[in-house]
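The data block below is model-v3.tsv; it holds TSV, N, CA and C atoms.
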chain	number	residue	atom	x	y	z
A	1	MET	N	-0.46	-40.73	161.56
A	1	MET	CA	-1.22	-40.19	160.47
A	1	MET	C	-2.04	-41.27	159.80
A	2	ALA	N	-1.51	-42.47	159.75
A	2	ALA	CA	-2.21	-43.58	159.14
A	2	ALA	C	-3.49	-43.88	159.91
A	3	GLU	N	-3.39	-43.70	161.22
A	3	GLU	CA	-4.58	-43.96	162.04
A	3	GLU	C	-5.66	-42.92	161.77
A	4	LYS	N	-5.29	-41.68	161.57
A	4	LYS	CA	-6.26	-40.64	161.29
A	4	LYS	C	-6.97	-40.90	159.98
A	5	LYS	N	-6.24	-41.36	158.96
A	5	LYS	CA	-6.84	-41.64	157.66
A	5	LYS	C	-7.83	-42.79	157.78
A	6	ALA	N	-7.45	-43.81	158.54
A	6	ALA	CA	-8.33	-44.96	158.71
A	6	ALA	C	-9.60	-44.54	159.43
A	7	THR	N	-9.47	-43.71	160.45
A	7	THR	CA	-10.63	-43.24	161.19
A	7	THR	C	-11.49	-42.36	160.30
A	8	ALA	N	-10.87	-41.50	159.53
A	8	ALA	CA	-11.61	-40.64	158.62
A	8	ALA	C	-12.31	-41.46	157.55
A	9	LYS	N	-11.63	-42.52	157.10
A	9	LYS	CA	-12.22	-43.38	156.08
A	9	LYS	C	-13.45	-44.10	156.63
A	10	LYS	N	-13.36	-44.59	157.87
A	10	LYS	CA	-14.49	-45.26	158.50
A	10	LYS	C	-15.66	-44.30	158.68
A	11	ALA	N	-15.35	-43.08	159.06
A	11	ALA	CA	-16.39	-42.08	159.25
A	11	ALA	C	-17.10	-41.78	157.95
A	12	THR	N	-16.37	-41.69	156.85
A	12	THR	CA	-17.01	-41.44	155.56
A	12	THR	C	-17.80	-42.65	155.09
A	13	GLU	N	-17.33	-43.85	155.43
A	13	GLU	CA	-18.08	-45.07	155.06
A	13	GLU	C	-19.42	-45.09	155.80
A	14	ILE	N	-19.41	-44.70	157.02
A	14	ILE	CA	-20.63	-44.70	157.81
A	14	ILE	C	-21.59	-43.64	157.25
A	15	LYS	N	-21.06	-42.47	156.94
A	15	LYS	CA	-21.89	-41.41	156.39
A	15	LYS	C	-22.40	-41.76	155.00
A	16	ALA	N	-21.60	-42.46	154.24
A	16	ALA	CA	-21.96	-42.77	152.86
A	16	ALA	C	-22.96	-43.92	152.78
A	17	ALA	N	-23.14	-44.65	153.85
A	17	ALA	CA	-24.07	-45.77	153.82
A	17	ALA	C	-25.47	-45.24	153.53
A	18	PRO	N	-26.19	-45.93	152.64
A	18	PRO	CA	-27.52	-45.45	152.28
A	18	PRO	C	-28.46	-45.50	153.49
A	19	ALA	N	-29.31	-44.53	153.57
A	19	ALA	CA	-30.26	-44.48	154.67
A	19	ALA	C	-31.26	-45.62	154.52
A	20	LYS	N	-31.56	-46.26	155.62
A	20	LYS	CA	-32.52	-47.36	155.57
A	20	LYS	C	-33.92	-46.79	155.41
A	21	LYS	N	-34.65	-47.43	154.57
A	21	LYS	CA	-36.04	-47.01	154.39
A	21	LYS	C	-36.87	-47.62	155.50
A	22	THR	N	-37.64	-46.81	156.11
A	22	THR	CA	-38.54	-47.32	157.13
A	22	THR	C	-39.93	-47.36	156.53
A	23	THR	N	-40.50	-48.52	156.58
A	23	THR	CA	-41.85	-48.66	156.03
A	23	THR	C	-42.83	-48.66	157.18
A	24	VAL	N	-43.82	-47.90	157.02
A	24	VAL	CA	-44.87	-47.82	158.03
A	24	VAL	C	-46.05	-48.63	157.52
A	25	LYS	N	-46.38	-49.65	158.27
A	25	LYS	CA	-47.53	-50.47	157.88
A	25	LYS	C	-48.78	-49.84	158.46
A	26	LYS	N	-49.68	-49.55	157.57
A	26	LYS	CA	-50.95	-49.00	158.02
A	26	LYS	C	-51.87	-50.15	158.39
A	27	ALA	N	-52.56	-49.97	159.46
A	27	ALA	CA	-53.50	-51.00	159.88
A	27	ALA	C	-54.64	-51.05	158.87
A	28	ALA	N	-54.89	-52.23	158.39
A	28	ALA	CA	-55.97	-52.39	157.42
A	28	ALA	C	-57.30	-52.18	158.12
A	29	ALA	N	-58.18	-51.54	157.41
A	29	ALA	CA	-59.52	-51.32	157.95
A	29	ALA	C	-60.19	-52.68	158.09
A	30	PRO	N	-60.90	-52.90	159.16
A	30	PRO	CA	-61.57	-54.19	159.32
A	30	PRO	C	-62.56	-54.40	158.17
A	31	LYS	N	-62.47	-55.59	157.62
A	31	LYS	CA	-63.36	-55.89	156.50
A	31	LYS	C	-64.76	-56.15	157.01
A	32	ALA	N	-65.61	-55.29	156.65
A	32	ALA	CA	-67.02	-55.46	157.02
A	32	ALA	C	-67.65	-56.42	156.02
A	33	ALA	N	-68.56	-57.19	156.51
A	33	ALA	CA	-69.27	-58.10	155.61
A	33	ALA	C	-69.95	-57.28	154.53
A	34	ALA	N	-69.89	-57.77	153.34
A	34	ALA	CA	-70.46	-57.04	152.21
A	34	ALA	C	-71.96	-57.25	152.16
A	35	LYS	N	-72.59	-56.78	153.18
A	35	LYS	CA	-74.04	-56.92	153.24
A	35	LYS	C	-74.69	-55.63	152.79
A	36	ALA	N	-75.69	-55.78	152.03
A	36	ALA	CA	-76.45	-54.62	151.62
A	36	ALA	C	-77.37	-54.21	152.77
A	37	VAL	N	-77.64	-52.95	152.85
A	37	VAL	CA	-78.54	-52.46	153.89
A	37	VAL	C	-79.95	-52.90	153.53
A	38	LEU	N	-80.61	-53.52	154.47
A	38	LEU	CA	-81.94	-54.04	154.25
A	38	LEU	C	-82.96	-53.03	154.75
A	39	ALA	N	-83.67	-52.43	153.83
A	39	ALA	CA	-84.71	-51.47	154.20
A	39	ALA	C	-85.96	-52.24	154.59
A	40	ILE	N	-86.38	-52.04	155.81
A	40	ILE	CA	-87.55	-52.75	156.30
A	40	ILE	C	-88.75	-51.80	156.26
A	41	ASN	N	-89.55	-51.99	155.24
A	41	ASN	CA	-90.82	-51.27	155.15
A	41	ASN	C	-91.82	-52.22	154.49
A	42	ALA	N	-93.07	-51.85	154.52
A	42	ALA	CA	-94.12	-52.74	154.04
A	42	ALA	C	-93.93	-53.14	152.58
A	43	GLU	N	-93.45	-52.21	151.77
A	43	GLU	CA	-93.29	-52.51	150.35
A	43	GLU	C	-92.18	-53.55	150.13
A	44	ASN	N	-91.02	-53.33	150.73
A	44	ASN	CA	-89.91	-54.26	150.54
A	44	ASN	C	-90.21	-55.64	151.13
A	45	VAL	N	-90.80	-55.66	152.32
A	45	VAL	CA	-91.14	-56.94	152.94
A	45	VAL	C	-92.17	-57.67	152.10
A	46	GLY	N	-93.10	-56.95	151.52
A	46	GLY	CA	-94.09	-57.56	150.64
A	46	GLY	C	-93.45	-58.18	149.41
A	47	PHE	N	-92.44	-57.50	148.85
A	47	PHE	CA	-91.73	-58.06	147.69
A	47	PHE	C	-90.97	-59.33	148.08
A	48	LYS	N	-90.36	-59.33	149.25
A	48	LYS	CA	-89.64	-60.52	149.72
A	48	LYS	C	-90.61	-61.67	149.96
A	49	ALA	N	-91.79	-61.34	150.47
A	49	ALA	CA	-92.82	-62.37	150.66
A	49	ALA	C	-93.21	-62.97	149.32
A	50	GLY	N	-93.31	-62.13	148.31
A	50	GLY	CA	-93.62	-62.63	146.97
A	50	GLY	C	-92.53	-63.54	146.44
A	51	ASP	N	-91.28	-63.17	146.70
A	51	ASP	CA	-90.15	-64.01	146.27
A	51	ASP	C	-90.20	-65.37	146.96
A	52	VAL	N	-90.49	-65.35	148.26
A	52	VAL	CA	-90.58	-66.60	149.02
A	52	VAL	C	-91.72	-67.45	148.51
A	53	TYR	N	-92.87	-66.84	148.29
A	53	TYR	CA	-94.05	-67.57	147.80
A	53	TYR	C	-93.76	-68.21	146.45
A	54	GLN	N	-93.14	-67.46	145.55
A	54	GLN	CA	-92.83	-67.99	144.22
A	54	GLN	C	-91.83	-69.15	144.30
A	55	ALA	N	-90.86	-69.05	145.19
A	55	ALA	CA	-89.88	-70.13	145.36
A	55	ALA	C	-90.55	-71.40	145.87
A	56	LEU	N	-91.45	-71.25	146.84
A	56	LEU	CA	-92.16	-72.41	147.38
A	56	LEU	C	-93.12	-73.01	146.34
A	57	ALA	N	-93.78	-72.15	145.58
A	57	ALA	CA	-94.71	-72.64	144.55
A	57	ALA	C	-93.95	-73.38	143.46
A	58	ALA	N	-92.79	-72.87	143.08
A	58	ALA	CA	-91.99	-73.51	142.03
A	58	ALA	C	-91.45	-74.86	142.50
A	59	ALA	N	-91.07	-74.93	143.77
A	59	ALA	CA	-90.52	-76.18	144.30
A	59	ALA	C	-91.62	-77.24	144.45
A	60	GLY	N	-92.81	-76.82	144.85
A	60	GLY	CA	-93.90	-77.76	145.02
A	60	GLY	C	-93.74	-78.70	146.20
A	61	LYS	N	-92.83	-78.40	147.10
A	61	LYS	CA	-92.62	-79.24	148.28
A	61	LYS	C	-92.13	-78.36	149.42
A	62	ALA	N	-92.04	-78.94	150.61
A	62	ALA	CA	-91.56	-78.20	151.77
A	62	ALA	C	-90.07	-77.94	151.65
A	63	LEU	N	-89.65	-76.73	152.03
A	63	LEU	CA	-88.24	-76.35	151.95
A	63	LEU	C	-87.79	-75.74	153.28
A	64	THR	N	-86.49	-75.81	153.56
A	64	THR	CA	-85.93	-75.13	154.72
A	64	THR	C	-85.69	-73.67	154.36
A	65	VAL	N	-85.39	-72.87	155.37
A	65	VAL	CA	-85.14	-71.45	155.14
A	65	VAL	C	-83.96	-71.26	154.19
A	66	LYS	N	-82.90	-72.05	154.37
A	66	LYS	CA	-81.74	-71.95	153.48
A	66	LYS	C	-82.11	-72.29	152.04
A	67	GLU	N	-82.89	-73.33	151.87
A	67	GLU	CA	-83.30	-73.75	150.52
A	67	GLU	C	-84.17	-72.68	149.86
A	68	ILE	N	-85.05	-72.07	150.65
A	68	ILE	CA	-85.91	-71.02	150.11
A	68	ILE	C	-85.06	-69.82	149.69
A	69	ALA	N	-84.11	-69.44	150.55
A	69	ALA	CA	-83.25	-68.30	150.24
A	69	ALA	C	-82.46	-68.56	148.96
A	70	LYS	N	-81.96	-69.76	148.81
A	70	LYS	CA	-81.19	-70.10	147.61
A	70	LYS	C	-82.08	-70.10	146.37
A	71	ALA	N	-83.27	-70.67	146.49
A	71	ALA	CA	-84.18	-70.72	145.34
A	71	ALA	C	-84.67	-69.33	144.95
A	72	ALA	N	-84.92	-68.47	145.94
A	72	ALA	CA	-85.44	-67.14	145.67
A	72	ALA	C	-84.31	-66.14	145.36
A	73	LYS	N	-83.07	-66.56	145.58
A	73	LYS	CA	-81.89	-65.71	145.36
A	73	LYS	C	-81.94	-64.44	146.21
A	74	ILE	N	-82.28	-64.64	147.49
A	74	ILE	CA	-82.29	-63.55	148.47
A	74	ILE	C	-81.58	-64.05	149.72
A	75	SER	N	-81.25	-63.14	150.63
A	75	SER	CA	-80.56	-63.54	151.86
A	75	SER	C	-81.52	-64.26	152.81
A	76	GLU	N	-80.93	-64.91	153.80
A	76	GLU	CA	-81.76	-65.60	154.79
A	76	GLU	C	-82.59	-64.62	155.61
A	77	GLU	N	-82.02	-63.44	155.88
A	77	GLU	CA	-82.77	-62.43	156.63
A	77	GLU	C	-84.00	-61.98	155.85
A	78	GLU	N	-83.82	-61.77	154.57
A	78	GLU	CA	-84.95	-61.38	153.72
A	78	GLU	C	-85.97	-62.50	153.63
A	79	THR	N	-85.48	-63.72	153.61
A	79	THR	CA	-86.38	-64.88	153.57
A	79	THR	C	-87.23	-64.93	154.83
A	80	LEU	N	-86.60	-64.69	155.97
A	80	LEU	CA	-87.35	-64.70	157.22
A	80	LEU	C	-88.40	-63.60	157.27
A	81	LEU	N	-88.07	-62.44	156.72
A	81	LEU	CA	-89.08	-61.37	156.65
A	81	LEU	C	-90.27	-61.80	155.81
A	82	GLY	N	-89.98	-62.38	154.65
A	82	GLY	CA	-91.07	-62.85	153.78
A	82	GLY	C	-91.88	-63.96	154.41
A	83	LEU	N	-91.21	-64.87	155.11
A	83	LEU	CA	-91.92	-65.96	155.78
A	83	LEU	C	-92.85	-65.41	156.86
A	84	GLY	N	-92.38	-64.43	157.61
A	84	GLY	CA	-93.21	-63.83	158.65
A	84	GLY	C	-94.48	-63.23	158.06
A	85	TRP	N	-94.31	-62.54	156.96
A	85	TRP	CA	-95.45	-61.93	156.28
A	85	TRP	C	-96.45	-63.00	155.85
A	86	LEU	N	-95.93	-64.06	155.22
A	86	LEU	CA	-96.81	-65.12	154.70
A	86	LEU	C	-97.45	-65.94	155.82
A	87	PHE	N	-96.72	-66.16	156.91
A	87	PHE	CA	-97.31	-66.86	158.05
A	87	PHE	C	-98.45	-66.03	158.65
A	88	LYS	N	-98.25	-64.74	158.74
A	88	LYS	CA	-99.28	-63.86	159.29
A	88	LYS	C	-100.55	-63.89	158.45
A	89	GLU	N	-100.38	-64.02	157.14
A	89	GLU	CA	-101.53	-64.08	156.23
A	89	GLU	C	-102.13	-65.48	156.17
A	90	GLY	N	-101.50	-66.47	156.80
A	90	GLY	CA	-102.02	-67.83	156.81
A	90	GLY	C	-101.75	-68.59	155.51
A	91	LYS	N	-100.76	-68.18	154.75
A	91	LYS	CA	-100.47	-68.83	153.46
A	91	LYS	C	-99.44	-69.93	153.57
A	92	LEU	N	-98.84	-70.10	154.75
A	92	LEU	CA	-97.80	-71.12	154.93
A	92	LEU	C	-98.18	-72.08	156.04
A	93	ALA	N	-97.62	-73.27	155.95
A	93	ALA	CA	-97.79	-74.27	156.99
A	93	ALA	C	-96.41	-74.76	157.41
A	94	ASN	N	-96.26	-75.02	158.69
A	94	ASN	CA	-95.00	-75.51	159.22
A	94	ASN	C	-94.97	-77.02	159.15
A	95	ASP	N	-93.92	-77.57	158.56
A	95	ASP	CA	-93.77	-79.02	158.43
A	95	ASP	C	-92.45	-79.42	159.07
A	96	GLY	N	-92.41	-79.46	160.40
A	96	GLY	CA	-91.16	-79.74	161.11
A	96	GLY	C	-90.24	-78.54	160.98
A	97	GLU	N	-89.06	-78.74	160.43
A	97	GLU	CA	-88.12	-77.62	160.20
A	97	GLU	C	-88.30	-77.02	158.83
A	98	LYS	N	-89.25	-77.53	158.08
A	98	LYS	CA	-89.48	-77.04	156.73
A	98	LYS	C	-90.78	-76.28	156.65
A	99	VAL	N	-90.90	-75.49	155.59
A	99	VAL	CA	-92.09	-74.67	155.38
A	99	VAL	C	-92.69	-75.05	154.04
A	100	THR	N	-94.01	-75.10	154.01
A	100	THR	CA	-94.72	-75.41	152.77
A	100	THR	C	-95.91	-74.48	152.61
A	101	LEU	N	-96.44	-74.40	151.42
A	101	LEU	CA	-97.62	-73.58	151.19
A	101	LEU	C	-98.83	-74.25	151.85
A	102	ALA	N	-99.71	-73.45	152.41
A	102	ALA	CA	-100.90	-73.98	153.09
A	102	ALA	C	-101.97	-74.32	152.06

Encoded form (structure tokens):
Amino acid sequence: MAEKKATAKKATEIKAAPAKKTTVKKAAAPKAAAKAVLAINAENVGFKAGDVYQALAAAGKALTVKEIAKAAKISEEETLLGLGWLFKEGKLANDGEKVTLA
């Protein structure tokens, strides 16, 4: 009889044990770069060209693309769009790896 009580006691201990919580880890969504969508149309590119021109005029010297982007407070992609516009109009001159007003 003592054995039955011990077995019954073990069975109740097993049943009484709290259920383990299973945590399901959700896969985090891949972090996309926080880039704004760049609308490429004549109006926006013209505004970026104006930003680039003003940055170069304020500096008064030749600047790299990174320096222009920083001075104009726009992205490098936007800087390149503005530079293309200004080069096409003949307003810029290439000075090695730097760009200056013509």

Taking 5 positions as the minimum chain separation for residues in the same chain, which residues sit within 8 Å of Leu92 in chain A when counting only N, CA and C atoms? Answer as a list in words.
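Contacts, in chain order: Leu83, Trp85, Leu86, Phe87, Val99, Thr100, Leu101 and Ala102 of chain A.
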
For Thr79 in chain A, please output as a PyMOL selection string all residues within 12 Å (counting only C-alpha atoms; exclusion window: fewer than 6 positions along the same chain).
chain A and resi 38+44-56+63-73+85-87+99

For CA of Asn41 in chain A and atom C of Ala57 in chain A, determine how far apart the two atoms are, in Å to one decimal place.
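One can read the CA of Asn41 in chain A to atom C of Ala57 in chain A distance as 25.2 Å.
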
Rounded to one decimal place, report the CA of Asp95 in chain A-atom N of Ala39 in chain A distance in Å.
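Straight-line distance from CA of Asp95 in chain A to atom N of Ala39 in chain A works out to 28.8 Å.
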
Atom C of Gly96 in chain A and atom C of Val37 in chain A are how many Å apart?
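If I compute the distance from atom C of Gly96 in chain A to atom C of Val37 in chain A, I get 28.6 Å.
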